[in-house]
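What follows is the content of query_4.pdb (PDB, C-alpha atoms).
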ATOM      1  CA  MET A   1       4.450 -39.679  21.459
ATOM      2  CA  LEU A   2       7.429 -38.323  19.503
ATOM      3  CA  ILE A   3       7.231 -37.743  15.771
ATOM      4  CA  LEU A   4      10.143 -37.084  13.411
ATOM      5  CA  GLY A   5       9.277 -35.275  10.186
ATOM      6  CA  ILE A   6      11.399 -34.923   7.055
ATOM      7  CA  GLU A   7      10.710 -32.084   4.603
ATOM      8  CA  GLY A   8      12.188 -32.175   1.112
ATOM      9  CA  THR A   9       9.877 -30.669  -1.487
ATOM     10  CA  ALA A  10      12.219 -28.093  -3.035
ATOM     11  CA  HIS A  11      15.238 -26.078  -1.884
ATOM     12  CA  THR A  12      15.061 -27.040   1.808
ATOM     13  CA  LEU A  13      15.876 -30.267   3.594
ATOM     14  CA  GLY A  14      14.280 -30.014   7.011
ATOM     15  CA  VAL A  15      14.108 -32.400   9.944
ATOM     16  CA  GLY A  16      11.799 -31.668  12.843
ATOM     17  CA  ILE A  17      10.749 -33.464  16.011
ATOM     18  CA  VAL A  18       7.476 -32.672  17.787
ATOM     19  CA  ASP A  19       5.454 -34.306  20.528
ATOM     20  CA  SER A  20       1.749 -35.007  20.616
ATOM     21  CA  GLU A  21       1.062 -31.647  22.311
ATOM     22  CA  ALA A  22       2.530 -29.697  19.349
ATOM     23  CA  ASN A  23       5.686 -28.824  21.267
ATOM     24  CA  VAL A  24       8.519 -28.402  18.771
ATOM     25  CA  LEU A  25      11.596 -30.083  20.215
ATOM     26  CA  ALA A  26      13.819 -29.665  17.157
ATOM     27  CA  ASN A  27      13.567 -27.988  13.774
ATOM     28  CA  VAL A  28      16.728 -28.253  11.662
ATOM     29  CA  ILE A  29      16.459 -26.305   8.391
ATOM     30  CA  ASP A  30      19.139 -26.854   5.733
ATOM     31  CA  MET A  31      18.594 -24.722   2.627
ATOM     32  CA  PHE A  32      20.299 -25.358  -0.719
ATOM     33  CA  ARG A  33      21.753 -22.241  -2.296
ATOM     34  CA  PRO A  34      22.881 -22.689  -5.921
ATOM     35  CA  PRO A  35      26.301 -21.164  -6.698
ATOM     36  CA  GLN A  36      24.812 -19.489  -9.781
ATOM     37  CA  GLY A  37      21.592 -19.404 -11.749
ATOM     38  CA  GLY A  38      18.317 -20.766 -10.461
ATOM     39  CA  LEU A  39      17.277 -23.877  -8.595
ATOM     40  CA  HIS A  40      18.028 -27.115 -10.456
ATOM     41  CA  PRO A  41      16.047 -30.069  -9.030
ATOM     42  CA  ARG A  42      18.886 -32.571  -9.351
ATOM     43  CA  GLU A  43      21.423 -30.269  -7.696
ATOM     44  CA  ALA A  44      19.008 -29.595  -4.834
ATOM     45  CA  ALA A  45      18.371 -33.326  -4.455
ATOM     46  CA  ASN A  46      22.110 -34.009  -4.312
ATOM     47  CA  HIS A  47      22.380 -31.417  -1.545
ATOM     48  CA  HIS A  48      19.550 -33.089   0.358
ATOM     49  CA  ALA A  49      21.139 -36.503   0.004
ATOM     50  CA  ASP A  50      24.432 -35.128   1.325
ATOM     51  CA  VAL A  51      22.927 -33.539   4.451
ATOM     52  CA  VAL A  52      19.875 -35.610   5.410
ATOM     53  CA  ALA A  53      21.654 -38.148   7.641
ATOM     54  CA  ASN A  54      23.590 -35.469   9.495
ATOM     55  CA  ASP A  55      20.474 -33.311   9.879
ATOM     56  CA  ILE A  56      18.597 -36.241  11.432
ATOM     57  CA  VAL A  57      21.427 -36.582  13.950
ATOM     58  CA  LYS A  58      21.325 -32.826  14.631
ATOM     59  CA  ALA A  59      17.566 -32.907  15.206
ATOM     60  CA  VAL A  60      17.795 -35.821  17.630
ATOM     61  CA  GLU A  61      20.564 -34.087  19.559
ATOM     62  CA  GLN A  62      18.661 -30.789  19.567
ATOM     63  CA  ALA A  63      15.583 -32.539  20.943
ATOM     64  CA  GLY A  64      17.592 -34.314  23.613
ATOM     65  CA  VAL A  65      16.276 -37.744  22.626
ATOM     66  CA  SER A  66      17.531 -40.809  20.777
ATOM     67  CA  LEU A  67      16.210 -42.395  17.596
ATOM     68  CA  LYS A  68      14.862 -45.246  19.720
ATOM     69  CA  ASP A  69      12.510 -42.728  21.382
ATOM     70  CA  ILE A  70      10.815 -41.838  18.078
ATOM     71  CA  ASP A  71       7.343 -43.354  17.651
ATOM     72  CA  LEU A  72       6.381 -42.202  14.154
ATOM     73  CA  ILE A  73       8.103 -41.066  10.955
ATOM     74  CA  SER A  74       6.440 -38.492   8.713
ATOM     75  CA  PHE A  75       7.645 -37.046   5.419
ATOM     76  CA  SER A  76       6.563 -34.651   2.669
ATOM     77  CA  MET A  77       5.023 -36.853  -0.027
ATOM     78  CA  GLY A  78       4.252 -33.888  -2.308
ATOM     79  CA  PRO A  79       3.697 -31.592  -4.068
ATOM     80  CA  GLY A  80       7.213 -30.666  -5.060
ATOM     81  CA  LEU A  81      10.249 -31.432  -7.179
ATOM     82  CA  GLY A  82      10.519 -35.143  -7.908
ATOM     83  CA  PRO A  83      14.236 -35.666  -7.176
ATOM     84  CA  CYS A  84      13.972 -33.740  -3.892
ATOM     85  CA  LEU A  85      10.837 -35.585  -2.795
ATOM     86  CA  LYS A  86      12.536 -38.916  -3.445
ATOM     87  CA  VAL A  87      15.403 -38.092  -1.083
ATOM     88  CA  ALA A  88      13.021 -37.251   1.766
ATOM     89  CA  GLY A  89      10.879 -40.299   1.027
ATOM     90  CA  THR A  90      13.824 -42.680   0.890
ATOM     91  CA  ALA A  91      15.240 -41.369   4.171
ATOM     92  CA  ALA A  92      11.840 -41.670   5.861
ATOM     93  CA  ARG A  93      11.278 -45.233   4.649
ATOM     94  CA  ALA A  94      14.768 -46.261   5.749
ATOM     95  CA  LEU A  95      14.161 -44.879   9.246
ATOM     96  CA  SER A  96      10.717 -46.447   9.484
ATOM     97  CA  TYR A  97      12.054 -49.843   8.430
ATOM     98  CA  SER A  98      15.203 -49.792  10.568
ATOM     99  CA  LEU A  99      13.395 -48.574  13.702
ATOM    100  CA  GLY A 100      10.313 -50.738  13.127
ATOM    101  CA  ILE A 101       7.908 -47.813  13.538
ATOM    102  CA  PRO A 102       4.992 -46.499  11.429
ATOM    103  CA  ILE A 103       5.366 -44.057   8.547
ATOM    104  CA  VAL A 104       2.952 -41.434   7.197
ATOM    105  CA  GLY A 105       3.371 -39.415   4.001
ATOM    106  CA  VAL A 106       1.739 -35.979   4.141
ATOM    107  CA  ASN A 107       0.692 -33.141   1.870
ATOM    108  CA  HIS A 108       3.150 -30.262   2.171
ATOM    109  CA  CYS A 109       0.528 -27.535   1.701
ATOM    110  CA  ILE A 110      -1.747 -28.898   4.410
ATOM    111  CA  ALA A 111       1.244 -29.094   6.754
ATOM    112  CA  HIS A 112       1.531 -25.296   6.529
ATOM    113  CA  ILE A 113      -2.099 -24.973   7.609
ATOM    114  CA  GLU A 114      -1.852 -27.371  10.523
ATOM    115  CA  ILE A 115       1.359 -25.947  11.971
ATOM    116  CA  GLY A 116      -0.229 -22.500  11.696
ATOM    117  CA  ASN A 117      -3.321 -23.664  13.549
ATOM    118  CA  ALA A 118      -1.204 -25.312  16.240
ATOM    119  CA  THR A 119       1.192 -22.443  16.887
ATOM    120  CA  THR A 120      -0.873 -19.263  16.381
ATOM    121  CA  GLY A 121      -4.155 -20.086  18.079
ATOM    122  CA  CYS A 122      -6.389 -19.688  15.034
ATOM    123  CA  THR A 123      -9.203 -22.219  14.726
ATOM    124  CA  ASP A 124     -10.772 -22.115  11.261
ATOM    125  CA  PRO A 125      -8.785 -19.797   8.994
ATOM    126  CA  CYS A 126      -8.637 -19.054   5.332
ATOM    127  CA  LEU A 127      -4.986 -19.715   4.420
ATOM    128  CA  LEU A 128      -3.103 -17.509   2.006
ATOM    129  CA  TYR A 129      -0.343 -19.901   1.033
ATOM    130  CA  ALA A 130       2.369 -17.893  -0.709
ATOM    131  CA  SER A 131       5.593 -19.747  -1.436
ATOM    132  CA  GLY A 132       8.014 -20.396  -4.268
ATOM    133  CA  GLY A 133       6.208 -23.199  -6.017
ATOM    134  CA  ASN A 134       2.687 -22.651  -4.672
ATOM    135  CA  THR A 135       0.235 -19.796  -4.386
ATOM    136  CA  GLN A 136      -3.213 -20.833  -3.202
ATOM    137  CA  ILE A 137      -6.101 -19.643  -1.055
ATOM    138  CA  ILE A 138      -7.223 -22.644   0.995
ATOM    139  CA  ALA A 139      -9.945 -23.211   3.570
ATOM    140  CA  TYR A 140     -11.611 -26.159   5.275
ATOM    141  CA  SER A 141     -15.048 -27.253   4.095
ATOM    142  CA  ASP A 142     -16.841 -30.605   4.276
ATOM    143  CA  GLN A 143     -13.930 -32.856   5.287
ATOM    144  CA  ARG A 144     -11.439 -31.381   2.814
ATOM    145  CA  TYR A 145      -9.133 -28.414   2.542
ATOM    146  CA  ARG A 146     -10.599 -26.743  -0.540
ATOM    147  CA  ILE A 147      -8.727 -24.489  -2.952
ATOM    148  CA  PHE A 148     -10.731 -21.294  -3.486
ATOM    149  CA  GLY A 149      -8.187 -19.614  -5.744
ATOM    150  CA  GLU A 150      -4.667 -20.181  -7.042
ATOM    151  CA  THR A 151      -2.003 -19.063  -9.488
ATOM    152  CA  GLN A 152      -2.513 -20.045 -13.092
ATOM    153  CA  ASP A 153       1.187 -19.957 -13.945
ATOM    154  CA  VAL A 154       3.995 -19.601 -11.375
ATOM    155  CA  GLY A 155       4.092 -19.236  -7.606
ATOM    156  CA  ILE A 156       4.626 -15.753  -6.198
ATOM    157  CA  GLY A 157       7.993 -16.762  -4.737
ATOM    158  CA  ASN A 158       9.249 -18.162  -8.053
ATOM    159  CA  MET A 159       8.215 -14.946  -9.790
ATOM    160  CA  LEU A 160      10.129 -12.837  -7.275
ATOM    161  CA  ASP A 161      13.198 -15.081  -7.543
ATOM    162  CA  LYS A 162      13.156 -14.979 -11.351
ATOM    163  CA  LEU A 163      12.789 -11.206 -11.255
ATOM    164  CA  GLY A 164      15.656 -10.877  -8.802
ATOM    165  CA  ARG A 165      17.912 -13.102 -10.864
ATOM    166  CA  ASP A 166      17.218 -11.112 -14.039
ATOM    167  CA  LEU A 167      17.726  -7.823 -12.202
ATOM    168  CA  GLY A 168      21.110  -9.010 -10.944
ATOM    169  CA  LEU A 169      19.985  -9.305  -7.315
ATOM    170  CA  GLY A 170      21.005 -12.939  -6.875
ATOM    171  CA  PHE A 171      18.844 -15.977  -6.241
ATOM    172  CA  TYR A 172      16.258 -16.263  -3.455
ATOM    173  CA  ALA A 173      15.697 -12.589  -4.073
ATOM    174  CA  GLY A 174      12.541 -12.028  -2.016
ATOM    175  CA  PRO A 175      14.261 -10.339   0.973
ATOM    176  CA  THR A 176      16.371  -8.158  -1.333
ATOM    177  CA  ILE A 177      13.318  -7.053  -3.308
ATOM    178  CA  GLU A 178      11.489  -6.280  -0.057
ATOM    179  CA  LYS A 179      14.379  -4.082   1.105
ATOM    180  CA  LEU A 180      14.634  -2.265  -2.241
ATOM    181  CA  ALA A 181      10.885  -1.657  -2.300
ATOM    182  CA  GLN A 182      11.099   0.335   0.921
ATOM    183  CA  ASP A 183      12.979   3.045  -1.014
ATOM    184  CA  GLY A 184      10.644   3.049  -4.022
ATOM    185  CA  ASP A 185       8.410   6.086  -4.535
ATOM    186  CA  LYS A 186       6.954   5.636  -8.028
ATOM    187  CA  LEU A 187       4.198   3.141  -8.813
ATOM    188  CA  LEU A 188       4.839   1.777 -12.303
ATOM    189  CA  ASP A 189       1.976   0.432 -14.380
ATOM    190  CA  LEU A 190       2.038  -3.389 -14.221
ATOM    191  CA  PRO A 191      -0.572  -5.980 -15.284
ATOM    192  CA  TYR A 192      -3.120  -6.632 -12.533
ATOM    193  CA  SER A 193      -4.105 -10.194 -13.435
ATOM    194  CA  VAL A 194      -7.031 -11.373 -11.325
ATOM    195  CA  LYS A 195      -9.308 -13.785 -13.163
ATOM    196  CA  GLY A 196     -12.259 -14.612 -10.963
ATOM    197  CA  MET A 197     -10.669 -16.265  -7.939
ATOM    198  CA  ASP A 198      -7.392 -17.050  -9.705
ATOM    199  CA  ILE A 199      -4.307 -14.960 -10.389
ATOM    200  CA  SER A 200      -1.390 -14.804 -12.795
ATOM    201  CA  PHE A 201       2.098 -13.421 -12.231
ATOM    202  CA  SER A 202       3.945 -13.963 -15.537
ATOM    203  CA  GLY A 203       2.715 -10.681 -17.035
ATOM    204  CA  ILE A 204       4.030  -8.746 -14.032
ATOM    205  CA  LEU A 205       7.460 -10.326 -14.503
ATOM    206  CA  THR A 206       7.619  -9.496 -18.211
ATOM    207  CA  ALA A 207       6.499  -5.895 -17.709
ATOM    208  CA  ALA A 208       8.865  -5.341 -14.777
ATOM    209  CA  LEU A 209      11.864  -6.496 -16.811
ATOM    210  CA  ALA A 210      10.809  -4.162 -19.627
ATOM    211  CA  TYR A 211      11.006  -1.269 -17.159
ATOM    212  CA  LYS A 212      14.546  -2.304 -16.356
ATOM    213  CA  GLU A 213      15.453  -1.963 -20.038
ATOM    214  CA  LYS A 214      13.973   1.553 -19.975
ATOM    215  CA  GLY A 215      16.344   2.489 -17.165
ATOM    216  CA  CYS A 216      13.828   2.694 -14.320
ATOM    217  CA  ARG A 217      15.169   2.566 -10.770
ATOM    218  CA  LEU A 218      15.339  -0.909  -9.241
ATOM    219  CA  GLU A 219      13.708   0.505  -6.113
ATOM    220  CA  ASP A 220      10.657   1.600  -8.113
ATOM    221  CA  ILE A 221      10.453  -1.721  -9.948
ATOM    222  CA  ALA A 222      10.614  -3.655  -6.663
ATOM    223  CA  TYR A 223       8.051  -1.344  -5.051
ATOM    224  CA  SER A 224       5.653  -1.633  -7.978
ATOM    225  CA  VAL A 225       5.936  -5.416  -8.220
ATOM    226  CA  GLN A 226       5.203  -5.850  -4.518
ATOM    227  CA  GLU A 227       2.294  -3.408  -4.479
ATOM    228  CA  THR A 228       0.678  -4.974  -7.551
ATOM    229  CA  ALA A 229       1.240  -8.656  -6.739
ATOM    230  CA  PHE A 230       0.348  -8.336  -3.060
ATOM    231  CA  SER A 231      -2.790  -6.329  -3.881
ATOM    232  CA  MET A 232      -3.870  -9.205  -6.113
ATOM    233  CA  LEU A 233      -3.258 -11.716  -3.332
ATOM    234  CA  THR A 234      -5.127  -9.578  -0.807
ATOM    235  CA  GLU A 235      -8.104  -9.162  -3.139
ATOM    236  CA  VAL A 236      -8.633 -12.860  -3.828
ATOM    237  CA  THR A 237      -8.068 -13.719  -0.166
ATOM    238  CA  GLU A 238     -10.735 -11.237   0.888
ATOM    239  CA  ARG A 239     -13.129 -12.581  -1.726
ATOM    240  CA  ALA A 240     -12.568 -16.129  -0.489
ATOM    241  CA  MET A 241     -13.165 -15.087   3.124
ATOM    242  CA  ALA A 242     -16.426 -13.423   2.141
ATOM    243  CA  HIS A 243     -17.556 -16.373   0.045
ATOM    244  CA  ILE A 244     -17.077 -18.964   2.786
ATOM    245  CA  GLY A 245     -17.746 -16.766   5.796
ATOM    246  CA  LYS A 246     -14.339 -16.945   7.479
ATOM    247  CA  THR A 247     -13.169 -14.278   9.926
ATOM    248  CA  GLU A 248      -9.611 -15.564  10.331
ATOM    249  CA  VAL A 249      -6.847 -15.413   7.749
ATOM    250  CA  LEU A 250      -3.602 -17.350   8.173
ATOM    251  CA  LEU A 251      -0.422 -16.634   6.224
ATOM    252  CA  GLY A 252       1.863 -19.498   5.246
ATOM    253  CA  GLY A 253       4.808 -20.139   2.945
ATOM    254  CA  GLY A 254       8.127 -18.365   2.569
ATOM    255  CA  VAL A 255       6.664 -15.166   1.094
ATOM    256  CA  ALA A 256       4.522 -14.824   4.237
ATOM    257  CA  GLN A 257       7.684 -13.484   5.877
ATOM    258  CA  ASN A 258       7.371 -10.313   3.785
ATOM    259  CA  GLY A 259       6.401  -7.362   5.957
ATOM    260  CA  ARG A 260       4.467  -5.508   3.263
ATOM    261  CA  LEU A 261       2.305  -8.539   2.476
ATOM    262  CA  ARG A 262       1.549  -8.928   6.177
ATOM    263  CA  GLU A 263       0.635  -5.249   6.408
ATOM    264  CA  MET A 264      -1.786  -5.403   3.466
ATOM    265  CA  VAL A 265      -3.509  -8.633   4.490
ATOM    266  CA  GLY A 266      -3.651  -7.548   8.123
ATOM    267  CA  GLU A 267      -5.354  -4.281   7.206
ATOM    268  CA  MET A 268      -7.854  -6.125   5.018
ATOM    269  CA  ALA A 269      -8.706  -8.542   7.823
ATOM    270  CA  LYS A 270      -9.080  -5.687  10.316
ATOM    271  CA  GLU A 271     -11.453  -3.797   8.008
ATOM    272  CA  ARG A 272     -13.581  -6.947   7.755
ATOM    273  CA  GLY A 273     -13.723  -7.273  11.544
ATOM    274  CA  GLY A 274     -11.488 -10.311  11.358
ATOM    275  CA  LYS A 275      -7.957 -11.171  12.398
ATOM    276  CA  MET A 276      -4.727 -12.208  10.703
ATOM    277  CA  PHE A 277      -2.456 -14.914  12.089
ATOM    278  CA  VAL A 278       1.182 -15.445  11.086
ATOM    279  CA  PRO A 279       3.373 -18.283  12.413
ATOM    280  CA  GLU A 280       6.942 -17.744  13.552
ATOM    281  CA  ARG A 281       9.321 -17.330  10.629
ATOM    282  CA  GLN A 282      10.716 -20.839  11.030
ATOM    283  CA  PHE A 283       7.206 -22.218  10.431
ATOM    284  CA  CYS A 284       6.497 -19.956   7.441
ATOM    285  CA  ARG A 285       9.474 -21.523   5.686
ATOM    286  CA  ASP A 286       9.562 -25.148   4.597
ATOM    287  CA  ASN A 287      10.434 -27.119   7.714
ATOM    288  CA  GLY A 288      10.346 -30.602   9.194
ATOM    289  CA  ALA A 289       8.337 -29.694  12.301
ATOM    290  CA  MET A 290       5.211 -28.970  10.276
ATOM    291  CA  ILE A 291       5.589 -32.305   8.485
ATOM    292  CA  ALA A 292       5.932 -34.106  11.809
ATOM    293  CA  TRP A 293       2.875 -32.380  13.287
ATOM    294  CA  LEU A 294       0.611 -33.195  10.333
ATOM    295  CA  GLY A 295       1.876 -36.774  10.415
ATOM    296  CA  TYR A 296       0.787 -37.012  14.034
ATOM    297  CA  ARG A 297      -2.611 -35.470  13.295
ATOM    298  CA  MET A 298      -3.230 -37.980  10.530
ATOM    299  CA  TYR A 299      -1.941 -40.974  12.474
ATOM    300  CA  SER A 300      -3.917 -40.114  15.602
ATOM    301  CA  SER A 301      -7.105 -39.970  13.499
ATOM    302  CA  GLY A 302      -6.578 -43.521  12.245
ATOM    303  CA  VAL A 303      -4.571 -43.039   9.049
ATOM    304  CA  ARG A 304      -2.175 -45.935   8.421
ATOM    305  CA  MET A 305       0.246 -46.459   5.546
ATOM    306  CA  ASP A 306       2.349 -49.337   4.334
ATOM    307  CA  ILE A 307       5.666 -48.650   2.647
ATOM    308  CA  SER A 308       3.907 -49.335  -0.669
ATOM    309  CA  ASP A 309       1.545 -46.414   0.037
ATOM    310  CA  THR A 310       4.327 -43.851   0.340
ATOM    311  CA  GLU A 311       5.254 -43.214  -3.278
ATOM    312  CA  VAL A 312       5.966 -39.505  -3.756
ATOM    313  CA  ARG A 313       3.558 -37.369  -5.778
ATOM    314  CA  GLN A 314       4.870 -34.258  -7.524
ATOM    315  CA  ARG A 315       1.346 -32.974  -8.229
ATOM    316  CA  PHE A 316      -0.308 -33.796  -4.935
ATOM    317  CA  ARG A 317      -3.357 -31.538  -4.762
ATOM    318  CA  THR A 318      -4.397 -30.079  -1.430
ATOM    319  CA  ASP A 319      -8.038 -31.021  -1.945
ATOM    320  CA  GLU A 320      -7.257 -34.696  -2.609
ATOM    321  CA  VAL A 321      -6.639 -35.428   1.068
ATOM    322  CA  PRO A 322      -9.562 -36.577   3.278
ATOM    323  CA  VAL A 323      -9.297 -34.496   6.449
ATOM    324  CA  THR A 324      -9.983 -37.255   8.966
ATOM    325  CA  TRP A 325      -8.635 -35.349  11.978
ATOM    326  CA  ARG A 326     -11.276 -32.571  11.954
ATOM    327  CA  SER A 327     -14.985 -32.811  12.688
TER     328      SER A 327
END

In structure tokens, how does this file's structure come out?
Amino acid sequence: MLILGIEGTAHTLGVGIVDSEANVLANVIDMFRPPQGGLHPREAANHHADVVANDIVKAVEQAGVSLKDIDLISFSMGPGLGPCLKVAGTAARALSYSLGIPIVGVNHCIAHIEIGNATTGCTDPCLLYASGGNTQIIAYSDQRYRIFGETQDVGIGNMLDKLGRDLGLGFYAGPTIEKLAQDGDKLLDLPYSVKGMDISFSGILTAALAYKEKGCRLEDIAYSVQETAFSMLTEVTERAMAHIGKTEVLLGGGVAQNGRLREMVGEMAKERGGKMFVPERQFCRDNGAMIAWLGYRMYSSGVRMDISDTEVRQRFRTDEVPVTWRS
């Protein structure tokens, strides 16, 4: 069985093709980069609309198949930016209708978990999902993926991007901040906002920008932001693992590409006698292959959708989805 997945929750339009053995045959990733300022949902959606047809063609060619070989269409139904979600949904419905094949809308967050399980060898992890729009600690329990902690304001990736933009580092600033932090040697005092199992990043952003006005080195600001924010993430992840008795931790989302975050979470897992798993970089980022794989998992467990069931959902909670494909 061949499954084509379309991702379009935010800045990335992705098209992936996988088979029923989790072999990734194609994974085209097309990221929108605004000429200035931050990410505007309508501009990103216009980008997606411009590239989606060509990216579908690229994915088919990369996989060495034809559209007639595709058995199932899957797409990111949410959560995400409404205009972007609508582009992915419209493209998926058009393909499903024109090819006469089934369609499944999936939860973007759960797709990160399932592609991680399929490609890293972990079996029952606690997921630290750290991306632009989402920061959650998720684990499976009683036929659902439960949220054991999450941000109360902005996602870790959005905080880093906003900080980078205001520091003059450009947009999608995570990699630049990571590089600067390697040359930092002074830990500045920033708010450590852990509230039970939840976290907050807005205070870190405000305090970091105040240090800029005081003339502090960008390297020290970047270093301090990473150390503080990633320590918070590591703490709540460890607490979740202890609470639910998990020995595996899986990283997912774009910020999971950060080497310092991997180092901190990996050390925590090792000290607990557990193990950390991290997918390949292409699967940490938003991508169509993970959407395709979750679509297959859902469809193979009996999930069926009509076109009328595929309306996009900007606030599609992880724990709303019955996990029918796990015992």

Test item: residues at most 10 Å from Leu95 (chain A), all atoms listed in the file, excluding those fewer than 3 positions along its chain, as JSON, numbers by chain:
{"A": [4, 56, 67, 70, 72, 73, 89, 90, 91, 92, 98, 99, 100, 101, 102, 103]}

Per residue of region 123-240 of chain A within 10 Å of region 249-254 of chain A, which atom pair is closest and at what distance in Å (one decimal), using only C-alpha atoms, listed by chain and increasing number, as JSON lines?
{"residue": "A:Thr123", "atom": "CA", "partner": "A:Leu250", "partner_atom": "CA", "distance": 9.9}
{"residue": "A:Asp124", "atom": "CA", "partner": "A:Val249", "partner_atom": "CA", "distance": 8.5}
{"residue": "A:Pro125", "atom": "CA", "partner": "A:Val249", "partner_atom": "CA", "distance": 5.0}
{"residue": "A:Cys126", "atom": "CA", "partner": "A:Val249", "partner_atom": "CA", "distance": 4.7}
{"residue": "A:Leu127", "atom": "CA", "partner": "A:Leu250", "partner_atom": "CA", "distance": 4.6}
{"residue": "A:Leu128", "atom": "CA", "partner": "A:Leu251", "partner_atom": "CA", "distance": 5.1}
{"residue": "A:Tyr129", "atom": "CA", "partner": "A:Gly252", "partner_atom": "CA", "distance": 4.8}
{"residue": "A:Ala130", "atom": "CA", "partner": "A:Gly253", "partner_atom": "CA", "distance": 4.9}
{"residue": "A:Ser131", "atom": "CA", "partner": "A:Gly253", "partner_atom": "CA", "distance": 4.5}
{"residue": "A:Gly132", "atom": "CA", "partner": "A:Gly254", "partner_atom": "CA", "distance": 7.1}
{"residue": "A:Gly133", "atom": "CA", "partner": "A:Gly253", "partner_atom": "CA", "distance": 9.6}
{"residue": "A:Asn134", "atom": "CA", "partner": "A:Gly253", "partner_atom": "CA", "distance": 8.3}
{"residue": "A:Thr135", "atom": "CA", "partner": "A:Gly253", "partner_atom": "CA", "distance": 8.6}
{"residue": "A:Gln136", "atom": "CA", "partner": "A:Gly252", "partner_atom": "CA", "distance": 9.9}
{"residue": "A:Ile137", "atom": "CA", "partner": "A:Leu251", "partner_atom": "CA", "distance": 9.7}
{"residue": "A:Ile138", "atom": "CA", "partner": "A:Leu250", "partner_atom": "CA", "distance": 9.6}
{"residue": "A:Ala139", "atom": "CA", "partner": "A:Val249", "partner_atom": "CA", "distance": 9.4}
{"residue": "A:Ile156", "atom": "CA", "partner": "A:Gly254", "partner_atom": "CA", "distance": 9.8}
{"residue": "A:Gly157", "atom": "CA", "partner": "A:Gly254", "partner_atom": "CA", "distance": 7.5}
{"residue": "A:Gly174", "atom": "CA", "partner": "A:Gly254", "partner_atom": "CA", "distance": 9.0}
{"residue": "A:Thr237", "atom": "CA", "partner": "A:Val249", "partner_atom": "CA", "distance": 8.2}
{"residue": "A:Glu238", "atom": "CA", "partner": "A:Val249", "partner_atom": "CA", "distance": 8.9}

Give the answer as one residue: which of A:Arg93, A:Lys86, A:Lys246, A:His112 has the shortest atom-to-atom distance to Glu280 (chain A), using all atoms listed in the file?
A:His112

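Note that the spacing between CA of Gly64 (chain A) and CA of Val24 (chain A) amounts to 11.9 Å.
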
Counting all atoms listed in the file, which of A:Ile221, A:Ala181, A:Leu2, A:Met241 gets nearest to Asn23 (chain A)?
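Closest residue, counting all atoms listed in the file: A:Leu2.
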
Residue IDs satisfying the PyMOL selection byres ((chain A and resi 11) around 8), as a PyMOL selection string
chain A and resi 8-10+12-13+31-33+39+44

Store the residues of this selection in a file with C-alpha atoms, as a compact mmCIF listing (two decimals), in the coordinates of the input.
# COMPACT_ATOMS: atom_id res chain seq x y z
CA GLY A 8 12.19 -32.17 1.11
CA THR A 9 9.88 -30.67 -1.49
CA ALA A 10 12.22 -28.09 -3.04
CA THR A 12 15.06 -27.04 1.81
CA LEU A 13 15.88 -30.27 3.59
CA MET A 31 18.59 -24.72 2.63
CA PHE A 32 20.30 -25.36 -0.72
CA ARG A 33 21.75 -22.24 -2.30
CA LEU A 39 17.28 -23.88 -8.60
CA ALA A 44 19.01 -29.60 -4.83

How would you write as a tab-separated table (two decimals) with C-alpha atoms, in the coordinates of the input the residues that get within 7 Å of (6.7, -35.7, 10.6) in the file's frame, counting all atoms listed in the file?
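So the final result, stored in out-v3.tsv, reads:
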chain	number	residue	atom	x	y	z
A	3	ILE	CA	7.23	-37.74	15.77
A	4	LEU	CA	10.14	-37.08	13.41
A	5	GLY	CA	9.28	-35.28	10.19
A	6	ILE	CA	11.40	-34.92	7.06
A	16	GLY	CA	11.80	-31.67	12.84
A	73	ILE	CA	8.10	-41.07	10.96
A	74	SER	CA	6.44	-38.49	8.71
A	75	PHE	CA	7.64	-37.05	5.42
A	288	GLY	CA	10.35	-30.60	9.19
A	289	ALA	CA	8.34	-29.69	12.30
A	290	MET	CA	5.21	-28.97	10.28
A	291	ILE	CA	5.59	-32.30	8.48
A	292	ALA	CA	5.93	-34.11	11.81
A	293	TRP	CA	2.88	-32.38	13.29
A	294	LEU	CA	0.61	-33.20	10.33
A	295	GLY	CA	1.88	-36.77	10.42
A	296	TYR	CA	0.79	-37.01	14.03

I'd like to know which of A:Val278, A:Ala88, A:Cys122, A:Leu218 is closest to Thr176 (chain A), using all atoms listed in the file.
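Residue with the minimum atom-to-atom distance to Thr176 (chain A): A:Leu218.
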
With all atoms listed in the file as the atoms that count, which of A:Asp30, A:Glu213, A:Asp19, A:Asp166 lies nearest to Asp55 (chain A)?
A:Asp30

Nearest to Glu178 (chain A) by atom-to-atom distance, counting all atoms listed in the file, from A:Tyr211, A:Phe277, A:Phe148, A:Tyr223:
A:Tyr223

Here is a test: counting all atoms listed in the file, which residue of A:Ala242, A:Val87, A:Met77, A:Ile177 is nearest to Gln314 (chain A)?
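Between A:Ala242, A:Val87, A:Met77, A:Ile177, the residue approaching Gln314 (chain A) most closely is A:Met77.
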
Give me the residues within 6 Å of Val28 (chain A) as JSON, numbers by chain, counting only C-alpha atoms and dropping any in the same chain fewer than 4 places off.
{"A": [14, 15, 59]}

Can you sort out the box for region 276-295 of chain A, edges along x, y and z, all listed atoms in, 4 Å on every side, with centre and edge lengths in Å to one decimal, as lines of an AutoDock Vina configuration file?
center_x = 3.0
center_y = -24.5
center_z = 9.1
size_x = 23.4
size_y = 32.6
size_z = 17.0

If you count only C-alpha atoms, which residues fall within 9 Å of Lys162 (chain A), apart from same-chain ones fewer than 3 positions away, as a ChimeraX atom specification?
/A:38,157-159,165-167,171-173,205

One number please: CA of Asp69 (chain A) to CA of Val52 (chain A), in Å, one decimal.
19.0 Å

Gap from CA of Pro322 (chain A) to CA of Arg144 (chain A) - Å, one decimal
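Atom-to-atom, CA of Pro322 (chain A) and CA of Arg144 (chain A) are spaced 5.5 Å apart.
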